[in-house]
Number of protein chains: 2
Amino acid sequence: MFQRVAIVGLGLIGGSVGLALRKAKAAQHVAGYDLGRGVSERAQRIGAIDQAYEALADAVQGAELVVLATPVGSMRHLLGQLASVLTPGSVVTDVASTKAQVMQWAEELLPTSVSFVGGHPMAGKEVSGVEAADAELFRGKVYCLCATARTRPEAVKKVSMLIEMLGAHMRFMEPVRHDEQVAGVSHLPFLASVALVNAVAGQDYWPEMAILAASGFRDMSRLAAGSPEMYRDICLTNGEAITAWMDTYIATLQQMRDQIAQQSPALGALFVEAQQTRLEWQHARQMIEE
Amino acid sequence: MFQRVAIVGLGLIGGSVGLALRKAKAAQHVAGYDLGRGVSERAQRIGAIDQAYEALADAVQGAELVVLATPVGSMRHLLGQLASVLTPGSVVTDVASTKAQVMQWAEELLPTSVSFVGGHPMAGKEVSGVEAADAELFRGKVYCLCATARTRPEAVKKVSMLIEMLGAHMRFMEPVRHDEQVAGVSHLPFLASVALVNAVAGQDYWPEMAILAASGFRDMSRLAAGSPEMYRDICLTNGEAITAWMDTYIATLQQMRDQIAQQSPALGALFVEAQQTRLEWQHARQMIEE
């Protein structure tokens, strides 16, 4: 049982953490803070926090656990602000999609009297905002954790308690490795989706084509509806890993394109390979989530 | 009300047409034929056809409507076989994903005593086989029709009746235009999905990455589980349109990759553009399907 938890940033993820904490009665007090006009009041109304605070310092004061659920783009500024107002002994964790950059900022900016544990829940929806918050959002999902050399074991334990309460599967990772791998399975899929939508909709006759677009296009364009700001921040903090994956993706497409042009018999084997991989992944995933 | 309908090829699509016909009691007799061992018997068992036939000639004899639901790759051979066994006055339609090539084969191979109307229902599932058949598969979906210069109006009327019975929205298209547009909204999305799966799973550390893959990867890899044979046939019969779309897609990705490498501020605008397009498409689609 936590005494006081502060959630900074009350969007889909922050709101869902709050709902889960309050539903499980896992904290005596959940304090909430959000820069957006009226956001923390709405979060309080739907039961994601106990109390909305107008000042960051008041929200985090005395909190044993501070959850930063703001966009990556505002993280550096936020960590700077927090440095002077955190209570010594507080444990700070974030939920940002990229970790190496955030971990570096946290080490640079936070005082040694607090511990930082980087976190990244592999959960999301294409809708954003506290209205979409869901206490079950993290259940069965993988939740990555990154520690620094100076992160104290008690701090890791505290964040582990949170993850367990959320029903997620913890996975410790080295930040750079996390960023490389997430670039492949999460950031690249988003960019592939955006490029697909922009490529087909860039034609004059898109309105006519749009009528033919069915479930295949629906699935492949869903990610493109994701938050442009969030993904811009991701690209700015994980550019190297992302461009490397895009090069691999483009090379794979180019090879396939040439095989189609040559009516190569090897084409079928590429499709079988992808089908096998997808079916194996799906099977393994179902085992994890059950 | 149809007298006798013959369905040649009892997979997901053929089976679903049969189930819908029998559920609506829209035909006095639904004859079924499939080359696969035991397939037509299974189709009869689940109620997709009235009678399984062992010989193609017996299945199509006296049928006023013959629905060809076989892979595109076997279509040419099948049309050649049908030429000598169809009853004069029969209307033949297909459900293949590419139309120009099929229409050309039909004109070349079928006798003038029968009429051919090309068809393509924009409906599918990632699972195949008659076991996945569903009478409601086509409801609210777009169903493309292509006529040749010699297609008789009564033939179009007969196929229209079928589409209406299936609950789909008819859309007449010129075959080459159909193939170009479908290459963009359906074949390109499949290839984008296959390339994504093969690109990320081609790395040594894929097993480790696979654990991090979440809903984004799930959606973007779903199409890659589709039938390798069907898509190979599609690539062989629609190669020109497909490679043109792949060039556009690769160029769009390359431009985005360079903007990420340069940390270009224009990146956010590309993401906003894709988000808008996707949301507008989704809204329009909901209106069509309701």
# chains A, B, ... in the order shown; residues from 1 in each chain; ligands from 1
call {"tool": "closest_atom_pairs", "arguments": {"of": "chain B", "to": "chain A", "cutoff": "6 Å", "atoms": "only C-alpha atoms", "output": "JSON lines"}}
result
{"residue": "B:Gln181", "atom": "CA", "partner": "A:Met209", "partner_atom": "CA", "distance": 5.6}
{"residue": "B:Val185", "atom": "CA", "partner": "A:Ala213", "partner_atom": "CA", "distance": 5.2}
{"residue": "B:Val194", "atom": "CA", "partner": "A:Ala274", "partner_atom": "CA", "distance": 5.5}
{"residue": "B:Ala195", "atom": "CA", "partner": "A:Leu253", "partner_atom": "CA", "distance": 5.7}
{"residue": "B:Val197", "atom": "CA", "partner": "A:Ala274", "partner_atom": "CA", "distance": 5.7}
{"residue": "B:Asn198", "atom": "CA", "partner": "A:Ala274", "partner_atom": "CA", "distance": 5.7}
{"residue": "B:Ala199", "atom": "CA", "partner": "A:Tyr249", "partner_atom": "CA", "distance": 5.5}
{"residue": "B:Met209", "atom": "CA", "partner": "A:Gln181", "partner_atom": "CA", "distance": 5.6}
{"residue": "B:Ala213", "atom": "CA", "partner": "A:Val185", "partner_atom": "CA", "distance": 5.2}
{"residue": "B:Phe217", "atom": "CA", "partner": "A:Val185", "partner_atom": "CA", "distance": 5.8}
{"residue": "B:Asp219", "atom": "CA", "partner": "A:Asp219", "partner_atom": "CA", "distance": 5.4}
{"residue": "B:Met220", "atom": "CA", "partner": "A:Met220", "partner_atom": "CA", "distance": 5.4}
{"residue": "B:Ala224", "atom": "CA", "partner": "A:Gln275", "partner_atom": "CA", "distance": 5.4}
{"residue": "B:Ala225", "atom": "CA", "partner": "A:Gln275", "partner_atom": "CA", "distance": 4.3}
{"residue": "B:Pro228", "atom": "CA", "partner": "A:Phe271", "partner_atom": "CA", "distance": 5.1}
{"residue": "B:Arg232", "atom": "CA", "partner": "A:Gly268", "partner_atom": "CA", "distance": 5.6}
{"residue": "B:Thr243", "atom": "CA", "partner": "A:Arg257", "partner_atom": "CA", "distance": 5.8}
{"residue": "B:Tyr249", "atom": "CA", "partner": "A:Ala199", "partner_atom": "CA", "distance": 5.5}
{"residue": "B:Thr252", "atom": "CA", "partner": "A:Ala195", "partner_atom": "CA", "distance": 5.8}
{"residue": "B:Leu253", "atom": "CA", "partner": "A:Ala195", "partner_atom": "CA", "distance": 5.7}
{"residue": "B:Arg257", "atom": "CA", "partner": "A:Thr243", "partner_atom": "CA", "distance": 5.8}
{"residue": "B:Gly268", "atom": "CA", "partner": "A:Arg232", "partner_atom": "CA", "distance": 5.7}
{"residue": "B:Phe271", "atom": "CA", "partner": "A:Pro228", "partner_atom": "CA", "distance": 5.1}
{"residue": "B:Val272", "atom": "CA", "partner": "A:Pro228", "partner_atom": "CA", "distance": 5.7}
{"residue": "B:Ala274", "atom": "CA", "partner": "A:Val194", "partner_atom": "CA", "distance": 5.5}
{"residue": "B:Gln275", "atom": "CA", "partner": "A:Ala225", "partner_atom": "CA", "distance": 4.3}
call {"tool": "closest_residue", "arguments": {"among": "A:Leu65, A:Val72, A:Leu137, A:Met165", "to": "A:Phe116", "atoms": "only C-alpha atoms"}}
result
A:Leu65
call {"tool": "atom_distance", "arguments": {"atom1": "atom CA of A:Tyr53", "atom2": "atom CA of A:Phe2"}}
result
18.9 Å
call {"tool": "closest_residue", "arguments": {"among": "A:Pro111, A:Pro153, A:Gly32, A:Gly119", "to": "A:Ala55", "atoms": "only C-alpha atoms"}}
result
A:Gly32
